[in-house]
file protein-v4.txt (compact mmCIF, N, CA and C atoms)
# COMPACT_ATOMS: atom_id res chain seq x y z
N MET A 18 14.36 -10.19 -21.39
CA MET A 18 15.70 -10.22 -21.94
C MET A 18 16.12 -8.82 -22.42
N TYR A 19 15.20 -8.10 -23.05
CA TYR A 19 15.47 -6.74 -23.52
C TYR A 19 15.98 -5.87 -22.37
N TYR A 20 15.31 -5.94 -21.24
CA TYR A 20 15.68 -5.16 -20.07
C TYR A 20 17.10 -5.52 -19.60
N ASP A 21 17.42 -6.80 -19.57
CA ASP A 21 18.74 -7.24 -19.13
C ASP A 21 19.85 -6.77 -20.07
N ILE A 22 19.55 -6.72 -21.36
CA ILE A 22 20.55 -6.23 -22.32
C ILE A 22 20.79 -4.74 -22.10
N ILE A 23 19.72 -3.98 -21.93
CA ILE A 23 19.84 -2.53 -21.68
C ILE A 23 20.61 -2.30 -20.37
N LYS A 24 20.28 -3.07 -19.35
CA LYS A 24 20.96 -2.93 -18.06
C LYS A 24 22.45 -3.27 -18.19
N SER A 25 22.78 -4.30 -18.92
CA SER A 25 24.17 -4.69 -19.14
C SER A 25 24.94 -3.60 -19.89
N LEU A 26 24.33 -3.08 -20.94
CA LEU A 26 24.97 -2.01 -21.70
C LEU A 26 25.13 -0.74 -20.85
N HIS A 27 24.14 -0.48 -20.00
CA HIS A 27 24.22 0.66 -19.08
C HIS A 27 25.43 0.50 -18.15
N LEU A 28 25.61 -0.69 -17.61
CA LEU A 28 26.76 -0.94 -16.72
C LEU A 28 28.09 -0.78 -17.46
N VAL A 29 28.15 -1.24 -18.69
CA VAL A 29 29.37 -1.07 -19.49
C VAL A 29 29.65 0.42 -19.70
N ALA A 30 28.61 1.18 -20.02
CA ALA A 30 28.77 2.63 -20.22
C ALA A 30 29.22 3.32 -18.93
N VAL A 31 28.62 2.94 -17.80
CA VAL A 31 29.00 3.54 -16.52
C VAL A 31 30.46 3.22 -16.20
N ILE A 32 30.85 1.99 -16.39
CA ILE A 32 32.25 1.60 -16.11
C ILE A 32 33.21 2.37 -17.01
N SER A 33 32.88 2.49 -18.28
CA SER A 33 33.73 3.23 -19.21
C SER A 33 33.84 4.70 -18.80
N TRP A 34 32.73 5.28 -18.42
CA TRP A 34 32.71 6.68 -17.99
C TRP A 34 33.56 6.85 -16.73
N MET A 35 33.37 5.94 -15.77
CA MET A 35 34.13 6.02 -14.52
C MET A 35 35.63 5.87 -14.75
N VAL A 36 36.00 5.00 -15.66
CA VAL A 36 37.43 4.84 -15.97
C VAL A 36 38.00 6.18 -16.42
N GLY A 37 37.28 6.88 -17.29
CA GLY A 37 37.74 8.18 -17.75
C GLY A 37 37.79 9.20 -16.63
N LEU A 38 36.76 9.22 -15.78
CA LEU A 38 36.73 10.17 -14.67
C LEU A 38 37.86 9.92 -13.67
N LEU A 39 38.29 8.68 -13.57
CA LEU A 39 39.39 8.35 -12.67
C LEU A 39 40.75 8.58 -13.33
N TYR A 40 40.84 8.37 -14.62
CA TYR A 40 42.13 8.43 -15.30
C TYR A 40 42.53 9.85 -15.74
N LEU A 41 41.56 10.66 -16.18
CA LEU A 41 41.89 11.99 -16.70
C LEU A 41 42.58 12.87 -15.66
N PRO A 42 42.09 12.95 -14.42
CA PRO A 42 42.82 13.75 -13.43
C PRO A 42 44.23 13.22 -13.18
N ARG A 43 44.41 11.91 -13.28
CA ARG A 43 45.75 11.33 -13.11
C ARG A 43 46.66 11.76 -14.26
N LEU A 44 46.12 11.82 -15.46
CA LEU A 44 46.90 12.35 -16.58
C LEU A 44 47.30 13.80 -16.32
N PHE A 45 46.37 14.58 -15.74
CA PHE A 45 46.68 15.97 -15.42
C PHE A 45 47.82 16.07 -14.41
N VAL A 46 47.88 15.13 -13.47
CA VAL A 46 48.96 15.12 -12.47
C VAL A 46 50.31 15.06 -13.19
N TYR A 47 50.43 14.15 -14.14
CA TYR A 47 51.70 13.98 -14.85
C TYR A 47 51.93 15.09 -15.88
N HIS A 48 50.86 15.58 -16.46
CA HIS A 48 50.95 16.60 -17.51
C HIS A 48 51.37 17.96 -16.94
N ASN A 49 50.94 18.26 -15.75
CA ASN A 49 51.12 19.59 -15.17
C ASN A 49 52.58 20.04 -15.10
N ASP A 50 53.48 19.12 -14.92
CA ASP A 50 54.89 19.48 -14.75
C ASP A 50 55.68 19.49 -16.06
N LYS A 51 55.00 19.22 -17.17
CA LYS A 51 55.70 19.18 -18.45
C LYS A 51 55.81 20.59 -19.05
N GLU A 52 56.90 20.81 -19.75
CA GLU A 52 57.11 22.10 -20.40
C GLU A 52 56.12 22.27 -21.54
N ILE A 53 55.55 23.47 -21.64
CA ILE A 53 54.55 23.76 -22.67
C ILE A 53 55.18 23.60 -24.06
N ASN A 54 54.45 22.94 -24.96
CA ASN A 54 54.84 22.66 -26.34
C ASN A 54 55.99 21.66 -26.47
N SER A 55 56.33 20.99 -25.38
CA SER A 55 57.32 19.92 -25.47
C SER A 55 56.65 18.69 -26.07
N ASP A 56 57.46 17.71 -26.44
CA ASP A 56 56.90 16.47 -26.98
C ASP A 56 55.97 15.80 -25.96
N SER A 57 56.36 15.83 -24.69
CA SER A 57 55.53 15.23 -23.64
C SER A 57 54.21 15.98 -23.51
N ASP A 58 54.24 17.31 -23.56
CA ASP A 58 53.03 18.13 -23.47
C ASP A 58 52.08 17.77 -24.60
N ILE A 59 52.58 17.68 -25.80
CA ILE A 59 51.75 17.37 -26.97
C ILE A 59 51.16 15.96 -26.84
N THR A 60 51.97 15.02 -26.35
CA THR A 60 51.48 13.65 -26.17
C THR A 60 50.37 13.60 -25.13
N PHE A 61 50.55 14.28 -24.00
CA PHE A 61 49.51 14.31 -22.98
C PHE A 61 48.23 14.96 -23.51
N LEU A 62 48.36 16.05 -24.26
CA LEU A 62 47.18 16.69 -24.84
C LEU A 62 46.42 15.74 -25.75
N LEU A 63 47.15 14.98 -26.54
CA LEU A 63 46.52 14.01 -27.44
C LEU A 63 45.81 12.91 -26.64
N MET A 64 46.48 12.40 -25.61
CA MET A 64 45.87 11.35 -24.77
C MET A 64 44.60 11.87 -24.09
N GLU A 65 44.68 13.08 -23.54
CA GLU A 65 43.53 13.67 -22.84
C GLU A 65 42.38 13.92 -23.80
N HIS A 66 42.71 14.43 -24.99
CA HIS A 66 41.68 14.70 -25.99
C HIS A 66 40.96 13.40 -26.38
N ARG A 67 41.73 12.38 -26.67
CA ARG A 67 41.13 11.11 -27.08
C ARG A 67 40.30 10.49 -25.96
N LEU A 68 40.80 10.58 -24.74
CA LEU A 68 40.05 10.04 -23.60
C LEU A 68 38.71 10.75 -23.46
N LEU A 69 38.73 12.08 -23.57
CA LEU A 69 37.49 12.85 -23.45
C LEU A 69 36.53 12.59 -24.60
N LYS A 70 37.02 12.71 -25.81
CA LYS A 70 36.14 12.67 -26.99
C LYS A 70 35.74 11.27 -27.43
N ILE A 71 36.62 10.30 -27.25
CA ILE A 71 36.34 8.96 -27.77
C ILE A 71 35.75 8.04 -26.70
N ILE A 72 36.11 8.27 -25.44
CA ILE A 72 35.63 7.38 -24.38
C ILE A 72 34.65 8.07 -23.45
N MET A 73 35.08 9.15 -22.81
CA MET A 73 34.28 9.75 -21.74
C MET A 73 32.96 10.36 -22.22
N ASN A 74 33.00 11.20 -23.25
CA ASN A 74 31.76 11.84 -23.70
C ASN A 74 30.74 10.82 -24.20
N PRO A 75 31.13 9.90 -25.10
CA PRO A 75 30.14 8.90 -25.52
C PRO A 75 29.64 8.03 -24.35
N ALA A 76 30.54 7.67 -23.43
CA ALA A 76 30.14 6.83 -22.30
C ALA A 76 29.15 7.56 -21.40
N MET A 77 29.37 8.85 -21.17
CA MET A 77 28.44 9.63 -20.35
C MET A 77 27.08 9.71 -21.03
N ILE A 78 27.07 9.98 -22.32
CA ILE A 78 25.81 10.07 -23.06
C ILE A 78 25.08 8.73 -23.02
N LEU A 79 25.80 7.65 -23.28
CA LEU A 79 25.17 6.32 -23.22
C LEU A 79 24.66 6.00 -21.83
N THR A 80 25.41 6.41 -20.80
CA THR A 80 24.96 6.20 -19.43
C THR A 80 23.61 6.84 -19.20
N TYR A 81 23.47 8.08 -19.65
CA TYR A 81 22.20 8.80 -19.49
C TYR A 81 21.08 8.20 -20.34
N VAL A 82 21.37 7.88 -21.59
CA VAL A 82 20.34 7.34 -22.48
C VAL A 82 19.85 5.98 -21.98
N LEU A 83 20.78 5.09 -21.69
CA LEU A 83 20.40 3.76 -21.23
C LEU A 83 19.78 3.80 -19.84
N GLY A 84 20.30 4.68 -18.98
CA GLY A 84 19.70 4.85 -17.65
C GLY A 84 18.28 5.37 -17.75
N SER A 85 18.03 6.27 -18.69
CA SER A 85 16.67 6.78 -18.89
C SER A 85 15.73 5.68 -19.37
N MET A 86 16.25 4.82 -20.23
CA MET A 86 15.43 3.69 -20.69
C MET A 86 15.09 2.76 -19.53
N LEU A 87 16.05 2.51 -18.67
CA LEU A 87 15.80 1.67 -17.49
C LEU A 87 14.79 2.34 -16.56
N LEU A 88 14.93 3.63 -16.39
CA LEU A 88 14.00 4.37 -15.51
C LEU A 88 12.59 4.36 -16.10
N TYR A 89 12.49 4.43 -17.41
CA TYR A 89 11.18 4.35 -18.06
C TYR A 89 10.50 3.02 -17.73
N GLU A 90 11.29 1.96 -17.73
CA GLU A 90 10.76 0.63 -17.42
C GLU A 90 10.45 0.46 -15.93
N ASN A 91 11.08 1.26 -15.09
CA ASN A 91 10.91 1.18 -13.63
C ASN A 91 10.60 2.56 -13.07
N SER A 92 9.55 3.16 -13.57
CA SER A 92 9.25 4.55 -13.21
C SER A 92 8.96 4.74 -11.72
N TYR A 93 8.64 3.67 -11.00
CA TYR A 93 8.40 3.78 -9.56
C TYR A 93 9.65 4.26 -8.81
N LEU A 94 10.83 4.04 -9.40
CA LEU A 94 12.09 4.42 -8.74
C LEU A 94 12.17 5.92 -8.47
N ILE A 95 11.51 6.71 -9.28
CA ILE A 95 11.57 8.16 -9.13
C ILE A 95 10.95 8.61 -7.80
N TYR A 96 10.20 7.72 -7.18
CA TYR A 96 9.58 8.03 -5.88
C TYR A 96 10.38 7.49 -4.70
N GLU A 97 11.49 6.85 -4.99
CA GLU A 97 12.35 6.30 -3.94
C GLU A 97 13.45 7.31 -3.60
N ASN A 98 13.56 7.65 -2.31
CA ASN A 98 14.55 8.66 -1.91
C ASN A 98 15.98 8.25 -2.20
N TYR A 99 16.31 6.98 -1.97
CA TYR A 99 17.68 6.54 -2.24
C TYR A 99 18.03 6.75 -3.71
N PHE A 100 17.04 6.54 -4.58
CA PHE A 100 17.29 6.69 -6.02
C PHE A 100 17.46 8.16 -6.38
N LEU A 101 16.71 9.03 -5.74
CA LEU A 101 16.86 10.46 -5.99
C LEU A 101 18.24 10.95 -5.54
N TYR A 102 18.73 10.43 -4.42
CA TYR A 102 20.09 10.76 -3.98
C TYR A 102 21.11 10.25 -4.99
N LYS A 103 20.86 9.07 -5.51
CA LYS A 103 21.76 8.51 -6.52
C LYS A 103 21.78 9.39 -7.75
N LEU A 104 20.62 9.87 -8.20
CA LEU A 104 20.56 10.76 -9.35
C LEU A 104 21.32 12.06 -9.08
N LEU A 105 21.21 12.57 -7.87
CA LEU A 105 21.95 13.77 -7.50
C LEU A 105 23.45 13.53 -7.61
N LEU A 106 23.91 12.38 -7.14
CA LEU A 106 25.33 12.05 -7.22
C LEU A 106 25.79 11.87 -8.67
N VAL A 107 24.93 11.29 -9.51
CA VAL A 107 25.26 11.15 -10.93
C VAL A 107 25.37 12.53 -11.56
N PHE A 108 24.49 13.43 -11.17
CA PHE A 108 24.55 14.81 -11.66
C PHE A 108 25.87 15.46 -11.24
N LEU A 109 26.30 15.21 -10.00
CA LEU A 109 27.59 15.75 -9.53
C LEU A 109 28.75 15.17 -10.34
N LEU A 110 28.68 13.89 -10.68
CA LEU A 110 29.70 13.31 -11.56
C LEU A 110 29.71 14.00 -12.92
N SER A 111 28.54 14.35 -13.42
CA SER A 111 28.45 15.06 -14.70
C SER A 111 29.10 16.43 -14.60
N LEU A 112 28.83 17.13 -13.50
CA LEU A 112 29.47 18.43 -13.30
C LEU A 112 30.99 18.28 -13.23
N PHE A 113 31.45 17.23 -12.55
CA PHE A 113 32.88 16.96 -12.46
C PHE A 113 33.45 16.69 -13.86
N HIS A 114 32.72 15.95 -14.66
CA HIS A 114 33.12 15.67 -16.04
C HIS A 114 33.31 16.98 -16.80
N PHE A 115 32.34 17.88 -16.69
CA PHE A 115 32.44 19.16 -17.40
C PHE A 115 33.59 20.01 -16.86
N TYR A 116 33.83 19.93 -15.56
CA TYR A 116 34.96 20.64 -14.98
C TYR A 116 36.28 20.10 -15.52
N LEU A 117 36.39 18.79 -15.65
CA LEU A 117 37.60 18.20 -16.23
C LEU A 117 37.80 18.67 -17.67
N THR A 118 36.72 18.84 -18.39
CA THR A 118 36.80 19.35 -19.76
C THR A 118 37.37 20.77 -19.77
N ILE A 119 36.94 21.58 -18.82
CA ILE A 119 37.47 22.96 -18.70
C ILE A 119 38.95 22.91 -18.37
N LEU A 120 39.34 22.03 -17.46
CA LEU A 120 40.76 21.90 -17.12
C LEU A 120 41.58 21.46 -18.33
N TYR A 121 41.04 20.53 -19.11
CA TYR A 121 41.73 20.10 -20.33
C TYR A 121 41.93 21.28 -21.28
N LYS A 122 40.90 22.08 -21.44
CA LYS A 122 41.01 23.24 -22.34
C LYS A 122 42.06 24.23 -21.84
N ASP A 123 42.20 24.35 -20.52
CA ASP A 123 43.26 25.19 -19.96
C ASP A 123 44.63 24.64 -20.32
N PHE A 124 44.81 23.33 -20.20
CA PHE A 124 46.07 22.71 -20.59
C PHE A 124 46.34 22.96 -22.08
N LYS A 125 45.29 22.84 -22.88
CA LYS A 125 45.42 23.02 -24.32
C LYS A 125 45.88 24.45 -24.66
N LYS A 126 45.42 25.42 -23.88
CA LYS A 126 45.81 26.82 -24.08
C LYS A 126 47.19 27.12 -23.49
N GLY A 127 47.74 26.17 -22.76
CA GLY A 127 49.05 26.37 -22.15
C GLY A 127 48.99 26.94 -20.75
N TYR A 128 47.79 27.02 -20.19
CA TYR A 128 47.64 27.55 -18.83
C TYR A 128 47.99 26.47 -17.81
N ARG A 129 48.72 26.85 -16.81
CA ARG A 129 49.07 25.95 -15.71
C ARG A 129 48.81 26.69 -14.40
N TYR A 130 47.53 26.93 -14.12
CA TYR A 130 47.15 27.69 -12.93
C TYR A 130 47.23 26.90 -11.64
N LYS A 131 47.03 25.62 -11.74
CA LYS A 131 46.92 24.76 -10.55
C LYS A 131 48.24 24.05 -10.27
N GLN A 132 48.42 23.72 -8.99
CA GLN A 132 49.57 22.93 -8.61
C GLN A 132 49.24 21.45 -8.82
N THR A 133 50.27 20.64 -8.95
CA THR A 133 50.08 19.21 -9.17
C THR A 133 49.29 18.58 -8.03
N SER A 134 49.47 19.04 -6.82
CA SER A 134 48.74 18.49 -5.67
C SER A 134 47.23 18.67 -5.83
N PHE A 135 46.81 19.73 -6.50
CA PHE A 135 45.38 19.95 -6.74
C PHE A 135 44.80 18.79 -7.56
N TYR A 136 45.51 18.41 -8.61
CA TYR A 136 45.03 17.32 -9.47
C TYR A 136 45.03 15.99 -8.74
N LYS A 137 45.99 15.80 -7.84
CA LYS A 137 46.01 14.58 -7.03
C LYS A 137 44.79 14.52 -6.13
N LYS A 138 44.39 15.66 -5.58
CA LYS A 138 43.23 15.70 -4.68
C LYS A 138 41.93 15.47 -5.43
N ILE A 139 41.76 16.15 -6.57
CA ILE A 139 40.49 15.98 -7.29
C ILE A 139 40.36 14.59 -7.89
N ASN A 140 41.48 13.89 -8.00
CA ASN A 140 41.44 12.52 -8.51
C ASN A 140 40.61 11.60 -7.61
N GLU A 141 40.45 11.98 -6.35
CA GLU A 141 39.69 11.16 -5.40
C GLU A 141 38.18 11.39 -5.46
N ILE A 142 37.76 12.52 -6.03
CA ILE A 142 36.33 12.88 -6.04
C ILE A 142 35.46 11.81 -6.69
N PRO A 143 35.76 11.36 -7.91
CA PRO A 143 34.86 10.37 -8.51
C PRO A 143 34.83 9.05 -7.76
N THR A 144 35.94 8.69 -7.12
CA THR A 144 35.95 7.44 -6.35
C THR A 144 34.98 7.52 -5.18
N ILE A 145 35.01 8.62 -4.46
CA ILE A 145 34.13 8.80 -3.31
C ILE A 145 32.66 8.81 -3.75
N ILE A 146 32.37 9.54 -4.81
CA ILE A 146 30.99 9.59 -5.30
C ILE A 146 30.54 8.21 -5.78
N MET A 147 31.43 7.50 -6.47
CA MET A 147 31.10 6.16 -6.96
C MET A 147 30.77 5.21 -5.80
N ILE A 148 31.53 5.29 -4.72
CA ILE A 148 31.27 4.43 -3.56
C ILE A 148 29.87 4.68 -3.01
N PHE A 149 29.50 5.95 -2.88
CA PHE A 149 28.16 6.27 -2.38
C PHE A 149 27.06 5.81 -3.33
N ILE A 150 27.29 5.97 -4.63
CA ILE A 150 26.29 5.51 -5.61
C ILE A 150 26.09 4.00 -5.51
N ILE A 151 27.17 3.27 -5.44
CA ILE A 151 27.07 1.81 -5.35
C ILE A 151 26.35 1.40 -4.06
N LEU A 152 26.70 2.04 -2.96
CA LEU A 152 26.02 1.73 -1.69
C LEU A 152 24.52 2.01 -1.78
N LEU A 153 24.17 3.13 -2.40
CA LEU A 153 22.75 3.46 -2.53
C LEU A 153 22.01 2.43 -3.38
N ILE A 154 22.62 2.00 -4.46
CA ILE A 154 21.95 1.07 -5.38
C ILE A 154 21.86 -0.34 -4.79
N ILE A 155 22.90 -0.79 -4.10
CA ILE A 155 22.91 -2.14 -3.57
C ILE A 155 22.12 -2.23 -2.27
N VAL A 156 22.35 -1.30 -1.36
CA VAL A 156 21.72 -1.36 -0.03
C VAL A 156 20.28 -0.85 -0.05
N LYS A 157 20.01 0.14 -0.92
CA LYS A 157 18.68 0.76 -1.00
C LYS A 157 18.18 1.22 0.38
N PRO A 158 18.97 2.07 1.04
CA PRO A 158 18.59 2.49 2.39
C PRO A 158 17.30 3.30 2.39
N ASN A 159 16.62 3.25 3.51
CA ASN A 159 15.39 4.01 3.67
C ASN A 159 15.77 5.41 4.18
N LEU A 160 16.01 6.32 3.24
CA LEU A 160 16.48 7.66 3.57
C LEU A 160 15.32 8.65 3.60
N PRO A 161 15.48 9.70 4.41
CA PRO A 161 14.41 10.73 4.44
C PRO A 161 14.37 11.56 3.17
call {"tool": "encode", "arguments": {"input": "protein-v4.txt", "output": "structure tokens"}}
result
Amino acid sequence: MYYDIIKSLHLVAVISWMVGLLYLPRLFVYHNDKEINSDSDITFLLMEHRLLKIIMNPAMILTYVLGSMLLYENSYLIYENYFLYKLLLVFLLSLFHFYLTILYKDFKKGYRYKQTSFYKKINEIPTIIMIFIILLIIVKPNLP
């Protein structure tokens, strides 16, 4: 039962983290065209800050902590190639998370270096990575 509770909490953390990774770039799409220091700009900054600090960062940390606990209970997984690929993809999601944090800080400073189309494109990155992670975990392919 302990294992099932940890696994359930891990899934909740992953879902929460993914929601943030999918939503924050979408906020950037709408935020990018707003005038700096306008009411809309300030509102978007507040929404982005809360999403990062209250949802995304804790969810990412919980994902790693609970995932590590699960891996401790199933240490044989570290020898499975599909699982190592999954870990690589999770690491890429983490890098994407940190990149989004940098983009948020640019918005906070008033920088608007990127075009709105850029944010629309990067919005697809976590979805693609998530699809591959789910396929790896469910299918467990025999990869080299």
call {"tool": "closest_residue", "arguments": {"input": "protein-v4.txt", "among": "A:His66, A:Gly127, A:Gly84, A:Asn98", "to": "A:Tyr20", "atoms": "only C-alpha atoms"}}
result
A:Gly84
call {"tool": "closest_residue", "arguments": {"input": "protein-v4.txt", "among": "A:Ile78, A:Val31, A:Met18, A:Met64", "to": "A:Lys125", "atoms": "only C-alpha atoms"}}
result
A:Met64
call {"tool": "residues_around", "arguments": {"input": "protein-v4.txt", "residues": "stretch 39-47 of chain A", "least_positions_apart": "6", "cutoff": "9 Å", "atoms": "only C-alpha atoms", "output": "JSON, numbers by chain"}}
result
{"A": [61, 64, 65, 68, 69, 117, 120, 121, 124, 132, 133, 134, 135, 136, 137, 138, 139, 140, 141, 142, 143, 144]}
call {"tool": "atom_distance", "arguments": {"input": "protein-v4.txt", "atom1": "atom N of A:Leu63", "atom2": "atom C of A:Leu38"}}
result
16.7 Å
call {"tool": "closest_residue", "arguments": {"input": "protein-v4.txt", "among": "A:Tyr99, A:Phe113, A:Ile146, A:Lys131", "to": "A:Leu160", "atoms": "only N, CA and C atoms"}}
result
A:Tyr99
call {"tool": "atom_distance", "arguments": {"input": "protein-v4.txt", "atom1": "atom C of A:Ser92", "atom2": "atom C of A:Leu104"}}
result
14.6 Å
